[in-house]
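Undergrad: Before I ask anything, here is the structure I am working with.
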Amino acid sequence: MVKARRKADRRPFFMALGALALAGVAALAYQASKKSDAPKPSIVQQRGTPANAKPYVLGKPDAPVQIMEFADFECPGCAQFATITEPDVRQRLVDAGKARYSYYDFPLSEIHRNTISASNAAACADEQGRFWEMHDKLFNGQPNWNGAATDNPKRVFRTYASELGIKVDQWEQCYDAQKYLARIMGNKARGDSLGVGGTPTFVIGKRVFKNGLTFDQMAAWVDSAAVDARAAAAPARPPAKTDSAPKRKPGGA
(Lines give C-alpha, C1' and ligand atoms only; values in the text may rest on other atoms or scores of the structure.)
Protein backbone atom coordinates (compact mmCIF):
# COMPACT_ATOMS: atom_id res chain seq x y z
CA MET A 1 0.00 0.00 0.00
CA VAL A 2 2.87 2.33 0.81
CA LYS A 3 4.43 1.66 -2.58
CA ALA A 4 1.13 2.34 -4.33
CA ARG A 5 0.74 5.57 -2.39
CA ARG A 6 4.27 6.70 -3.33
CA LYS A 7 3.56 5.85 -6.94
CA ALA A 8 0.37 7.90 -6.82
CA ASP A 9 2.22 10.82 -5.23
CA ARG A 10 4.70 10.89 -8.12
CA ARG A 11 2.05 10.83 -10.81
CA PRO A 12 1.42 14.66 -10.85
CA PHE A 13 5.17 15.22 -11.11
CA PHE A 14 5.53 12.99 -14.15
CA MET A 15 2.42 14.48 -15.72
CA ALA A 16 3.83 17.99 -15.31
CA LEU A 17 7.18 16.86 -16.71
CA GLY A 18 5.46 15.33 -19.72
CA ALA A 19 3.45 18.48 -20.31
CA LEU A 20 6.62 20.57 -20.28
CA ALA A 21 8.27 18.23 -22.76
CA LEU A 22 5.27 18.40 -25.09
CA ALA A 23 5.24 22.18 -24.85
CA GLY A 24 8.93 22.29 -25.75
CA VAL A 25 8.43 20.04 -28.76
CA ALA A 26 5.47 22.15 -29.89
CA ALA A 27 7.48 25.35 -29.55
CA LEU A 28 10.34 23.91 -31.58
CA ALA A 29 7.94 22.70 -34.25
CA TYR A 30 6.31 26.12 -34.41
CA GLN A 31 9.63 27.89 -34.77
CA ALA A 32 10.72 25.44 -37.48
CA SER A 33 7.51 25.91 -39.42
CA LYS A 34 7.68 29.67 -38.97
CA LYS A 35 11.25 29.74 -40.27
CA SER A 36 10.47 27.49 -43.22
CA ASP A 37 7.46 29.59 -44.19
CA ALA A 38 9.42 32.85 -44.19
CA PRO A 39 10.76 33.74 -47.66
CA LYS A 40 14.50 33.40 -47.84
CA PRO A 41 16.69 36.14 -49.32
CA SER A 42 16.95 35.29 -52.99
CA ILE A 43 19.82 37.56 -53.98
CA VAL A 44 22.59 35.67 -55.73
CA GLN A 45 25.82 37.62 -55.77
CA GLN A 46 28.00 37.91 -58.83
CA ARG A 47 31.24 39.63 -59.63
CA GLY A 48 30.88 43.04 -61.20
CA THR A 49 32.82 45.02 -63.75
CA PRO A 50 33.21 48.82 -63.88
CA ALA A 51 31.83 48.70 -67.43
CA ASN A 52 28.42 47.90 -65.93
CA ALA A 53 28.54 50.78 -63.47
CA LYS A 54 25.68 53.24 -63.72
CA PRO A 55 25.16 55.62 -60.80
CA TYR A 56 21.97 57.40 -59.79
CA VAL A 57 22.42 61.10 -60.50
CA LEU A 58 21.06 64.41 -59.23
CA GLY A 59 21.92 67.83 -60.63
CA LYS A 60 22.82 69.59 -63.84
CA PRO A 61 25.16 67.86 -66.29
CA ASP A 62 27.19 71.05 -66.64
CA ALA A 63 27.67 71.60 -62.89
CA PRO A 64 31.28 72.65 -62.24
CA VAL A 65 31.96 69.94 -59.64
CA GLN A 66 31.16 66.23 -59.56
CA ILE A 67 30.46 64.52 -56.22
CA MET A 68 30.53 60.72 -56.15
CA GLU A 69 29.23 58.82 -53.14
CA PHE A 70 29.94 55.12 -52.61
CA ALA A 71 27.50 53.84 -50.01
CA ASP A 72 25.92 50.75 -48.48
CA PHE A 73 22.20 50.97 -47.68
CA GLU A 74 22.74 48.95 -44.48
CA CYS A 75 25.71 51.02 -43.29
CA PRO A 76 24.81 53.10 -40.17
CA GLY A 77 27.28 55.84 -41.11
CA CYS A 78 25.71 56.09 -44.57
CA ALA A 79 22.27 56.38 -42.97
CA GLN A 80 23.52 59.16 -40.72
CA PHE A 81 24.87 61.09 -43.69
CA ALA A 82 21.74 60.47 -45.79
CA THR A 83 19.31 61.60 -43.11
CA ILE A 84 21.26 64.47 -41.52
CA THR A 85 23.70 65.94 -44.04
CA GLU A 86 22.47 65.01 -47.49
CA PRO A 87 19.27 67.11 -47.43
CA ASP A 88 21.47 70.22 -47.14
CA VAL A 89 23.81 68.92 -49.84
CA ARG A 90 20.91 68.49 -52.25
CA GLN A 91 19.40 71.89 -51.54
CA ARG A 92 22.46 74.09 -51.12
CA LEU A 93 24.93 72.44 -53.48
CA VAL A 94 23.04 70.35 -56.05
CA ASP A 95 19.87 72.43 -56.50
CA ALA A 96 21.98 75.58 -56.40
CA GLY A 97 23.94 74.33 -59.43
CA LYS A 98 27.27 74.08 -57.63
CA ALA A 99 27.65 70.31 -57.94
CA ARG A 100 26.28 67.19 -59.57
CA TYR A 101 25.73 64.24 -57.25
CA SER A 102 26.16 60.57 -58.17
CA TYR A 103 25.26 57.66 -55.89
CA TYR A 104 27.09 54.35 -56.42
CA ASP A 105 26.09 51.13 -54.67
CA PHE A 106 28.94 49.72 -52.62
CA PRO A 107 27.33 46.80 -50.77
CA LEU A 108 29.47 45.31 -47.99
CA SER A 109 27.64 41.99 -48.03
CA GLU A 110 30.27 40.29 -45.86
CA ILE A 111 28.96 42.24 -42.87
CA HIS A 112 25.52 43.41 -44.02
CA ARG A 113 23.40 40.50 -45.17
CA ASN A 114 20.43 42.55 -46.47
CA THR A 115 22.38 45.30 -48.23
CA ILE A 116 22.28 43.86 -51.76
CA SER A 117 18.56 43.22 -51.32
CA ALA A 118 18.16 46.92 -50.47
CA SER A 119 20.15 47.98 -53.54
CA ASN A 120 17.94 45.65 -55.57
CA ALA A 121 14.82 47.30 -54.14
CA ALA A 122 16.15 50.76 -54.98
CA ALA A 123 17.17 49.79 -58.53
CA CYS A 124 13.69 48.44 -59.21
CA ALA A 125 12.19 51.64 -57.84
CA ASP A 126 14.43 53.58 -60.22
CA GLU A 127 12.82 51.67 -63.09
CA GLN A 128 9.67 53.66 -62.24
CA GLY A 129 11.48 56.94 -61.58
CA ARG A 130 11.47 56.59 -57.79
CA PHE A 131 15.08 55.82 -56.88
CA TRP A 132 15.70 58.81 -54.65
CA GLU A 133 12.38 58.40 -52.86
CA MET A 134 13.21 54.74 -52.17
CA HIS A 135 16.76 55.78 -51.21
CA ASP A 136 15.31 58.03 -48.52
CA LYS A 137 12.86 55.37 -47.30
CA LEU A 138 15.61 52.78 -47.00
CA PHE A 139 17.94 54.97 -45.01
CA ASN A 140 15.23 56.39 -42.76
CA GLY A 141 13.81 52.93 -42.09
CA GLN A 142 17.12 51.06 -41.87
CA PRO A 143 16.43 49.60 -38.36
CA ASN A 144 13.24 47.98 -39.69
CA TRP A 145 14.81 45.90 -42.47
CA ASN A 146 18.50 45.44 -41.69
CA GLY A 147 20.02 42.04 -41.02
CA ALA A 148 19.50 42.33 -37.29
CA ALA A 149 15.78 43.01 -37.73
CA THR A 150 14.60 40.50 -40.32
CA ASP A 151 15.43 37.62 -42.63
CA ASN A 152 12.73 38.83 -45.01
CA PRO A 153 13.53 42.45 -45.97
CA LYS A 154 11.41 42.21 -49.12
CA ARG A 155 8.27 42.47 -47.01
CA VAL A 156 9.41 45.88 -45.74
CA PHE A 157 10.62 47.04 -49.16
CA ARG A 158 7.29 46.08 -50.72
CA THR A 159 5.52 48.29 -48.18
CA TYR A 160 7.81 51.18 -49.09
CA ALA A 161 7.06 50.67 -52.79
CA SER A 162 3.33 50.78 -52.08
CA GLU A 163 3.67 53.94 -49.98
CA LEU A 164 5.59 55.64 -52.80
CA GLY A 165 2.87 54.93 -55.33
CA ILE A 166 5.03 52.49 -57.28
CA LYS A 167 3.33 49.79 -59.35
CA VAL A 168 4.01 47.05 -56.86
CA ASP A 169 3.49 44.07 -59.18
CA GLN A 170 6.03 45.45 -61.67
CA TRP A 171 8.43 46.30 -58.85
CA GLU A 172 8.10 42.81 -57.37
CA GLN A 173 8.75 41.09 -60.69
CA CYS A 174 11.87 43.22 -61.11
CA TYR A 175 13.00 42.49 -57.54
CA ASP A 176 12.50 38.74 -57.80
CA ALA A 177 14.32 38.59 -61.15
CA GLN A 178 17.27 40.58 -59.74
CA LYS A 179 17.03 42.56 -62.95
CA TYR A 180 19.68 45.14 -62.07
CA LEU A 181 22.15 43.01 -60.15
CA ALA A 182 24.83 43.57 -62.81
CA ARG A 183 24.41 47.32 -62.37
CA ILE A 184 24.68 47.05 -58.58
CA MET A 185 27.84 44.97 -58.69
CA GLY A 186 29.20 47.17 -61.49
CA ASN A 187 28.84 50.19 -59.20
CA LYS A 188 30.77 48.34 -56.53
CA ALA A 189 33.46 47.39 -59.03
CA ARG A 190 33.79 51.06 -59.95
CA GLY A 191 34.47 51.81 -56.31
CA ASP A 192 36.95 48.96 -56.07
CA SER A 193 38.83 50.43 -59.03
CA LEU A 194 39.18 53.70 -57.11
CA GLY A 195 40.41 51.99 -53.94
CA VAL A 196 37.17 52.37 -51.99
CA GLY A 197 37.27 50.08 -48.98
CA GLY A 198 34.56 51.37 -46.67
CA THR A 199 31.42 53.43 -46.64
CA PRO A 200 30.56 56.18 -47.01
CA THR A 201 33.38 57.24 -49.34
CA PHE A 202 33.18 60.46 -51.34
CA VAL A 203 35.04 61.64 -54.42
CA ILE A 204 34.85 65.40 -54.87
CA GLY A 205 36.61 66.57 -57.99
CA LYS A 206 39.88 64.67 -57.84
CA ARG A 207 39.98 64.18 -54.08
CA VAL A 208 38.88 61.02 -52.25
CA PHE A 209 37.47 61.16 -48.72
CA LYS A 210 37.21 57.83 -46.94
CA ASN A 211 35.32 59.11 -43.95
CA GLY A 212 32.00 60.87 -43.51
CA LEU A 213 31.91 64.61 -44.14
CA THR A 214 29.84 67.33 -42.51
CA PHE A 215 27.99 69.73 -44.77
CA ASP A 216 30.49 72.53 -44.08
CA GLN A 217 33.41 70.25 -44.94
CA MET A 218 31.77 69.10 -48.15
CA ALA A 219 30.83 72.65 -49.16
CA ALA A 220 34.41 73.80 -48.59
CA TRP A 221 35.82 70.99 -50.74
CA VAL A 222 33.26 71.68 -53.46
CA ASP A 223 34.38 75.33 -53.52
CA SER A 224 38.01 74.20 -53.69
CA ALA A 225 37.26 71.78 -56.52
CA ALA A 226 35.43 74.56 -58.40
CA VAL A 227 38.53 76.77 -58.17
CA ASP A 228 40.66 73.91 -59.50
CA ALA A 229 38.20 73.35 -62.36
CA ARG A 230 38.22 77.03 -63.34
CA ALA A 231 42.01 77.09 -63.27
CA ALA A 232 42.22 74.00 -65.46
CA ALA A 233 39.73 75.45 -67.95
CA ALA A 234 41.34 78.89 -68.17
CA PRO A 235 43.19 79.52 -71.47
CA ALA A 236 46.94 79.57 -71.20
CA ARG A 237 48.46 83.03 -71.20
CA PRO A 238 50.58 83.86 -74.26
CA PRO A 239 54.27 84.32 -73.51
CA ALA A 240 55.32 87.87 -72.76
CA LYS A 241 56.61 89.75 -75.79
CA THR A 242 60.30 90.53 -75.87
CA ASP A 243 62.05 93.27 -77.89
CA SER A 244 64.14 91.39 -80.43
CA ALA A 245 65.68 94.56 -81.96
CA PRO A 246 69.37 94.99 -81.10
CA LYS A 247 70.03 97.61 -78.55
CA ARG A 248 72.34 100.42 -79.45
CA LYS A 249 75.49 100.82 -77.47
CA PRO A 250 75.87 104.14 -75.77
CA GLY A 251 77.78 106.52 -78.07
CA GLY A 252 77.49 104.20 -81.02
CA ALA A 253 76.81 105.31 -84.61
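Identifiers for the C-alpha coordinates are assigned positionally: chains receive A, B, ... in sequence, residues are indexed from 1 per chain, and ligands are indexed from 1 in the order shown.
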Quick one: everything within 9 Å of Tyr56 (chain A), counting only C-alpha atoms, minus sequence neighbours fewer than 3 positions away in the same chain. Send it as a list in words.
TA: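 Here the answer would be Tyr101, Ser102, Tyr103, Tyr104, Asp126, Phe131 and Trp132 of chain A.
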Undergrad: Just the selected residues (N, CA and C atoms), exported as a PDB file, in the first residue's frame, please.
TA:
```
ATOM      1  N   TYR A 101      25.572  65.273 -58.277  1.00  0.00           N
ATOM      2  CA  TYR A 101      25.726  64.240 -57.255  1.00  0.00           C
ATOM      3  C   TYR A 101      25.424  62.865 -57.833  1.00  0.00           C
ATOM      4  N   SER A 102      26.343  61.926 -57.658  1.00  0.00           N
ATOM      5  CA  SER A 102      26.165  60.567 -58.174  1.00  0.00           C
ATOM      6  C   SER A 102      26.273  59.565 -57.039  1.00  0.00           C
ATOM      7  N   TYR A 103      25.270  58.705 -56.920  1.00  0.00           N
ATOM      8  CA  TYR A 103      25.256  57.662 -55.885  1.00  0.00           C
ATOM      9  C   TYR A 103      25.637  56.328 -56.529  1.00  0.00           C
ATOM     10  N   TYR A 104      26.665  55.671 -55.977  1.00  0.00           N
ATOM     11  CA  TYR A 104      27.085  54.351 -56.422  1.00  0.00           C
ATOM     12  C   TYR A 104      26.841  53.340 -55.302  1.00  0.00           C
ATOM     13  N   ASP A 126      13.922  52.665 -59.196  1.00  0.00           N
ATOM     14  CA  ASP A 126      14.433  53.581 -60.221  1.00  0.00           C
ATOM     15  C   ASP A 126      13.801  53.299 -61.579  1.00  0.00           C
ATOM     16  N   PHE A 131      13.892  56.239 -57.622  1.00  0.00           N
ATOM     17  CA  PHE A 131      15.081  55.820 -56.882  1.00  0.00           C
ATOM     18  C   PHE A 131      15.300  56.653 -55.637  1.00  0.00           C
ATOM     19  N   TRP A 132      15.316  57.971 -55.783  1.00  0.00           N
ATOM     20  CA  TRP A 132      15.702  58.812 -54.649  1.00  0.00           C
ATOM     21  C   TRP A 132      14.671  58.747 -53.528  1.00  0.00           C
TER      22      TRP A 132
END
```
Undergrad: Taking the chain letters and numbering used in this document, name the residues of region 37-160 of chain A that DSSP puts in alpha helix (DSSP H), as a PyMOL selection string.
TA: chain A and resi 37+76-80+86-89+115-126+131-140+142-145+153-160
Undergrad: Restricting the output to N, CA and C atoms, write the selected residues as a tab-separated table (two decimals), in the first residue's frame.
TA:
```tsv
chain	number	residue	atom	x	y	z
A	37	ASP	N	8.45	28.84	-43.44
A	37	ASP	CA	7.46	29.59	-44.19
A	37	ASP	C	7.97	30.96	-44.63
A	76	PRO	N	25.33	52.05	-41.07
A	76	PRO	CA	24.81	53.10	-40.17
A	76	PRO	C	25.38	54.48	-40.46
A	77	GLY	N	26.68	54.55	-40.80
A	77	GLY	CA	27.28	55.84	-41.11
A	77	GLY	C	26.69	56.46	-42.37
A	78	CYS	N	26.36	55.61	-43.34
A	78	CYS	CA	25.71	56.09	-44.57
A	78	CYS	C	24.31	56.63	-44.25
A	79	ALA	N	23.60	55.93	-43.36
A	79	ALA	CA	22.27	56.38	-42.97
A	79	ALA	C	22.34	57.72	-42.25
A	80	GLN	N	23.36	57.89	-41.42
A	80	GLN	CA	23.52	59.16	-40.72
A	80	GLN	C	23.76	60.29	-41.70
A	86	GLU	N	22.79	64.98	-46.06
A	86	GLU	CA	22.47	65.01	-47.49
A	86	GLU	C	21.33	65.95	-47.87
A	87	PRO	N	20.30	66.13	-47.04
A	87	PRO	CA	19.27	67.11	-47.43
A	87	PRO	C	19.85	68.50	-47.71
A	88	ASP	N	20.82	68.94	-46.90
A	88	ASP	CA	21.47	70.22	-47.14
A	88	ASP	C	22.32	70.18	-48.41
A	89	VAL	N	22.99	69.06	-48.64
A	89	VAL	CA	23.81	68.92	-49.84
A	89	VAL	C	22.94	69.07	-51.09
A	115	THR	N	22.03	44.09	-47.48
A	115	THR	CA	22.38	45.30	-48.23
A	115	THR	C	22.15	45.16	-49.73
A	116	ILE	N	22.49	44.02	-50.32
A	116	ILE	CA	22.28	43.86	-51.76
A	116	ILE	C	20.78	43.81	-52.06
A	117	SER	N	20.01	43.22	-51.16
A	117	SER	CA	18.56	43.22	-51.32
A	117	SER	C	18.03	44.66	-51.35
A	118	ALA	N	18.59	45.52	-50.50
A	118	ALA	CA	18.16	46.92	-50.47
A	118	ALA	C	18.54	47.63	-51.77
A	119	SER	N	19.75	47.39	-52.26
A	119	SER	CA	20.15	47.98	-53.54
A	119	SER	C	19.24	47.49	-54.66
A	120	ASN	N	18.86	46.22	-54.60
A	120	ASN	CA	17.94	45.65	-55.57
A	120	ASN	C	16.58	46.35	-55.51
A	121	ALA	N	16.09	46.60	-54.31
A	121	ALA	CA	14.82	47.30	-54.14
A	121	ALA	C	14.88	48.70	-54.72
A	122	ALA	N	16.00	49.39	-54.49
A	122	ALA	CA	16.15	50.76	-54.98
A	122	ALA	C	16.27	50.80	-56.50
A	123	ALA	N	17.01	49.83	-57.07
A	123	ALA	CA	17.17	49.79	-58.53
A	123	ALA	C	15.83	49.55	-59.21
A	124	CYS	N	15.01	48.71	-58.62
A	124	CYS	CA	13.69	48.44	-59.21
A	124	CYS	C	12.75	49.62	-59.02
A	125	ALA	N	12.96	50.41	-57.99
A	125	ALA	CA	12.19	51.64	-57.84
A	125	ALA	C	12.63	52.66	-58.88
A	126	ASP	N	13.92	52.67	-59.20
A	126	ASP	CA	14.43	53.58	-60.22
A	126	ASP	C	13.80	53.30	-61.58
A	131	PHE	N	13.89	56.24	-57.62
A	131	PHE	CA	15.08	55.82	-56.88
A	131	PHE	C	15.30	56.65	-55.64
A	132	TRP	N	15.32	57.97	-55.78
A	132	TRP	CA	15.70	58.81	-54.65
A	132	TRP	C	14.67	58.75	-53.53
A	133	GLU	N	13.40	58.57	-53.89
A	133	GLU	CA	12.38	58.40	-52.86
A	133	GLU	C	12.60	57.09	-52.10
A	134	MET	N	12.93	56.01	-52.84
A	134	MET	CA	13.21	54.74	-52.17
A	134	MET	C	14.51	54.83	-51.38
A	135	HIS	N	15.50	55.51	-51.91
A	135	HIS	CA	16.76	55.78	-51.21
A	135	HIS	C	16.48	56.37	-49.83
A	136	ASP	N	15.62	57.38	-49.79
A	136	ASP	CA	15.31	58.03	-48.52
A	136	ASP	C	14.55	57.10	-47.58
A	137	LYS	N	13.61	56.33	-48.12
A	137	LYS	CA	12.86	55.37	-47.30
A	137	LYS	C	13.79	54.33	-46.68
A	138	LEU	N	14.71	53.82	-47.48
A	138	LEU	CA	15.61	52.78	-47.00
A	138	LEU	C	16.51	53.28	-45.88
A	139	PHE	N	17.05	54.47	-46.04
A	139	PHE	CA	17.94	54.97	-45.01
A	139	PHE	C	17.17	55.40	-43.75
A	140	ASN	N	16.02	56.00	-43.93
A	140	ASN	CA	15.23	56.39	-42.76
A	140	ASN	C	14.69	55.18	-42.00
A	142	GLN	N	16.09	52.10	-41.95
A	142	GLN	CA	17.12	51.06	-41.87
A	142	GLN	C	16.95	50.09	-40.69
A	143	PRO	N	16.59	50.55	-39.48
A	143	PRO	CA	16.43	49.60	-38.36
A	143	PRO	C	15.29	48.60	-38.57
A	144	ASN	N	14.39	48.86	-39.49
A	144	ASN	CA	13.24	47.98	-39.69
A	144	ASN	C	13.52	46.83	-40.65
A	145	TRP	N	14.56	46.94	-41.47
A	145	TRP	CA	14.81	45.90	-42.47
A	145	TRP	C	16.23	45.36	-42.47
A	153	PRO	N	13.62	41.00	-45.75
A	153	PRO	CA	13.53	42.45	-45.97
A	153	PRO	C	12.56	42.82	-47.08
A	154	LYS	N	12.30	41.89	-48.00
A	154	LYS	CA	11.41	42.21	-49.12
A	154	LYS	C	10.04	42.66	-48.64
A	155	ARG	N	9.58	42.10	-47.55
A	155	ARG	CA	8.27	42.47	-47.01
A	155	ARG	C	8.24	43.96	-46.68
A	156	VAL	N	9.32	44.46	-46.09
A	156	VAL	CA	9.41	45.88	-45.74
A	156	VAL	C	9.55	46.72	-47.00
A	157	PHE	N	10.40	46.28	-47.93
A	157	PHE	CA	10.62	47.04	-49.16
A	157	PHE	C	9.32	47.14	-49.97
A	158	ARG	N	8.55	46.08	-49.97
A	158	ARG	CA	7.29	46.08	-50.72
A	158	ARG	C	6.34	47.13	-50.14
A	159	THR	N	6.34	47.26	-48.82
A	159	THR	CA	5.52	48.29	-48.18
A	159	THR	C	5.97	49.68	-48.60
A	160	TYR	N	7.29	49.88	-48.64
A	160	TYR	CA	7.81	51.18	-49.09
A	160	TYR	C	7.36	51.48	-50.52
```
Undergrad: Return as an mmCIF file with N, CA, C and O atoms, in the first residue's frame the full set of residues in region 21-221 of chain A whose backbone-based DSSP assignment is strand (DSSP E).
TA:
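Output file out.cif is given in full below:
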```
data_model
loop_
_atom_site.group_PDB
_atom_site.id
_atom_site.type_symbol
_atom_site.label_atom_id
_atom_site.label_comp_id
_atom_site.auth_asym_id
_atom_site.auth_seq_id
_atom_site.Cartn_x
_atom_site.Cartn_y
_atom_site.Cartn_z
ATOM 1 N N TYR A 56 23.239 56.656 -59.824
ATOM 2 C CA TYR A 56 21.974 57.400 -59.788
ATOM 3 C C TYR A 56 22.356 58.858 -59.565
ATOM 4 O O TYR A 56 23.092 59.173 -58.630
ATOM 5 N N VAL A 57 21.858 59.745 -60.422
ATOM 6 C CA VAL A 57 22.422 61.095 -60.501
ATOM 7 C C VAL A 57 21.382 62.165 -60.204
ATOM 8 O O VAL A 57 20.230 62.075 -60.628
ATOM 9 N N LEU A 58 21.832 63.185 -59.466
ATOM 10 C CA LEU A 58 21.063 64.406 -59.232
ATOM 11 C C LEU A 58 21.879 65.598 -59.698
ATOM 12 O O LEU A 58 23.099 65.621 -59.518
ATOM 13 N N VAL A 65 31.316 70.936 -60.499
ATOM 14 C CA VAL A 65 31.962 69.935 -59.641
ATOM 15 C C VAL A 65 31.127 68.658 -59.613
ATOM 16 O O VAL A 65 29.892 68.715 -59.547
ATOM 17 N N GLN A 66 31.807 67.537 -59.666
ATOM 18 C CA GLN A 66 31.158 66.233 -59.562
ATOM 19 C C GLN A 66 31.417 65.652 -58.173
ATOM 20 O O GLN A 66 32.568 65.584 -57.725
ATOM 21 N N ILE A 67 30.339 65.225 -57.496
ATOM 22 C CA ILE A 67 30.458 64.519 -56.220
ATOM 23 C C ILE A 67 30.025 63.077 -56.454
ATOM 24 O O ILE A 67 28.937 62.818 -56.960
ATOM 25 N N MET A 68 30.869 62.139 -56.076
ATOM 26 C CA MET A 68 30.532 60.720 -56.152
ATOM 27 C C MET A 68 30.451 60.172 -54.730
ATOM 28 O O MET A 68 31.370 60.399 -53.927
ATOM 29 N N GLU A 69 29.358 59.486 -54.434
ATOM 30 C CA GLU A 69 29.226 58.820 -53.141
ATOM 31 C C GLU A 69 29.175 57.316 -53.365
ATOM 32 O O GLU A 69 28.398 56.825 -54.178
ATOM 33 N N PHE A 70 29.993 56.573 -52.627
ATOM 34 C CA PHE A 70 29.938 55.118 -52.613
ATOM 35 C C PHE A 70 29.382 54.710 -51.257
ATOM 36 O O PHE A 70 29.998 54.988 -50.217
ATOM 37 N N ALA A 71 28.209 54.076 -51.271
ATOM 38 C CA ALA A 71 27.499 53.840 -50.014
ATOM 39 C C ALA A 71 26.842 52.470 -49.993
ATOM 40 O O ALA A 71 26.575 51.850 -51.019
ATOM 41 N N ALA A 99 27.093 71.654 -57.812
ATOM 42 C CA ALA A 99 27.652 70.309 -57.939
ATOM 43 C C ALA A 99 26.617 69.351 -58.510
ATOM 44 O O ALA A 99 25.403 69.573 -58.398
ATOM 45 N N ARG A 100 27.106 68.301 -59.116
ATOM 46 C CA ARG A 100 26.278 67.185 -59.568
ATOM 47 C C ARG A 100 26.593 66.004 -58.669
ATOM 48 O O ARG A 100 27.754 65.749 -58.356
ATOM 49 N N TYR A 101 25.572 65.273 -58.277
ATOM 50 C CA TYR A 101 25.726 64.240 -57.255
ATOM 51 C C TYR A 101 25.424 62.865 -57.833
ATOM 52 O O TYR A 101 24.370 62.657 -58.442
ATOM 53 N N SER A 102 26.343 61.926 -57.658
ATOM 54 C CA SER A 102 26.165 60.567 -58.174
ATOM 55 C C SER A 102 26.273 59.565 -57.039
ATOM 56 O O SER A 102 27.263 59.569 -56.292
ATOM 57 N N TYR A 103 25.270 58.705 -56.920
ATOM 58 C CA TYR A 103 25.256 57.662 -55.885
ATOM 59 C C TYR A 103 25.637 56.328 -56.529
ATOM 60 O O TYR A 103 25.007 55.878 -57.484
ATOM 61 N N TYR A 104 26.665 55.671 -55.977
ATOM 62 C CA TYR A 104 27.085 54.351 -56.422
ATOM 63 C C TYR A 104 26.841 53.340 -55.302
ATOM 64 O O TYR A 104 27.232 53.579 -54.148
ATOM 65 N N ASP A 105 26.215 52.223 -55.643
ATOM 66 C CA ASP A 105 26.087 51.134 -54.673
ATOM 67 C C ASP A 105 27.478 50.606 -54.332
ATOM 68 O O ASP A 105 28.301 50.373 -55.220
ATOM 69 N N THR A 201 32.185 56.642 -48.743
ATOM 70 C CA THR A 201 33.378 57.244 -49.338
ATOM 71 C C THR A 201 32.906 58.245 -50.387
ATOM 72 O O THR A 201 31.981 57.954 -51.141
ATOM 73 N N PHE A 202 33.559 59.407 -50.405
ATOM 74 C CA PHE A 202 33.182 60.463 -51.345
ATOM 75 C C PHE A 202 34.359 60.811 -52.252
ATOM 76 O O PHE A 202 35.513 60.829 -51.807
ATOM 77 N N VAL A 203 34.056 61.090 -53.480
ATOM 78 C CA VAL A 203 35.038 61.637 -54.418
ATOM 79 C C VAL A 203 34.502 62.995 -54.844
ATOM 80 O O VAL A 203 33.416 63.097 -55.417
ATOM 81 N N ILE A 204 35.239 64.036 -54.533
ATOM 82 C CA ILE A 204 34.849 65.399 -54.871
ATOM 83 C C ILE A 204 35.930 65.975 -55.774
ATOM 84 O O ILE A 204 37.057 66.194 -55.331
ATOM 85 N N ARG A 207 39.611 64.574 -55.429
ATOM 86 C CA ARG A 207 39.979 64.181 -54.075
ATOM 87 C C ARG A 207 39.059 63.090 -53.543
ATOM 88 O O ARG A 207 37.851 63.127 -53.758
ATOM 89 N N VAL A 208 39.638 62.132 -52.830
ATOM 90 C CA VAL A 208 38.884 61.018 -52.251
ATOM 91 C C VAL A 208 38.845 61.172 -50.739
ATOM 92 O O VAL A 208 39.878 61.411 -50.101
ATOM 93 N N PHE A 209 37.656 61.037 -50.168
ATOM 94 C CA PHE A 209 37.467 61.162 -48.721
ATOM 95 C C PHE A 209 36.862 59.866 -48.208
ATOM 96 O O PHE A 209 35.727 59.515 -48.546
#
```
Undergrad: With distances taken over only C-alpha atoms, which of A:Phe81, A:Gly141, A:Phe106, A:Leu93 is nearest to Gly195 (chain A)?
TA: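 So, comparing all the options, the nearest one is A:Phe106.
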Undergrad: With only C-alpha atoms as the counted atoms, please give the residues lying no more than 6 Å from region 46-50 of chain A, apart from itself and same-chain residues fewer than 2 positions off, as number ranges by chain.
TA: A: 52-53, 185-186, 189-190
Undergrad: Restricting the calculation to only C-alpha atoms: of A:Val222, A:Ala182, A:Lys60, A:Leu194, which residue gets closest to Lys210 (chain A)?
TA: A:Leu194
Undergrad: So the first atom is CA of Gly129 (chain A) and the second is CA of Val168 (chain A); what is the distance between them in Å, to one decimal place?
TA: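 A separation of 13.3 Å between them.
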Undergrad: I'd like the interatomic distance between CA of Lys179 (chain A) and CA of Val196 (chain A), to a tenth of an Å.
TA: 24.9 Å
Undergrad: CA of Ser109 (chain A) and CA of Glu127 (chain A), how far apart in Å?
TA: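 Computing it gives 23.2 Å between the two atoms.
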Undergrad: Can you list, as a list in words, every protein, DNA or RNA residue that comes within 9 Å of Trp221 (chain A) when you count only C-alpha atoms, leaving out same-chain residues fewer than 4 positions away?
TA: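 Here the answer would be Ile204, Gly205, Arg207, Asp216, Gln217, Ala225 and Ala226 of chain A.
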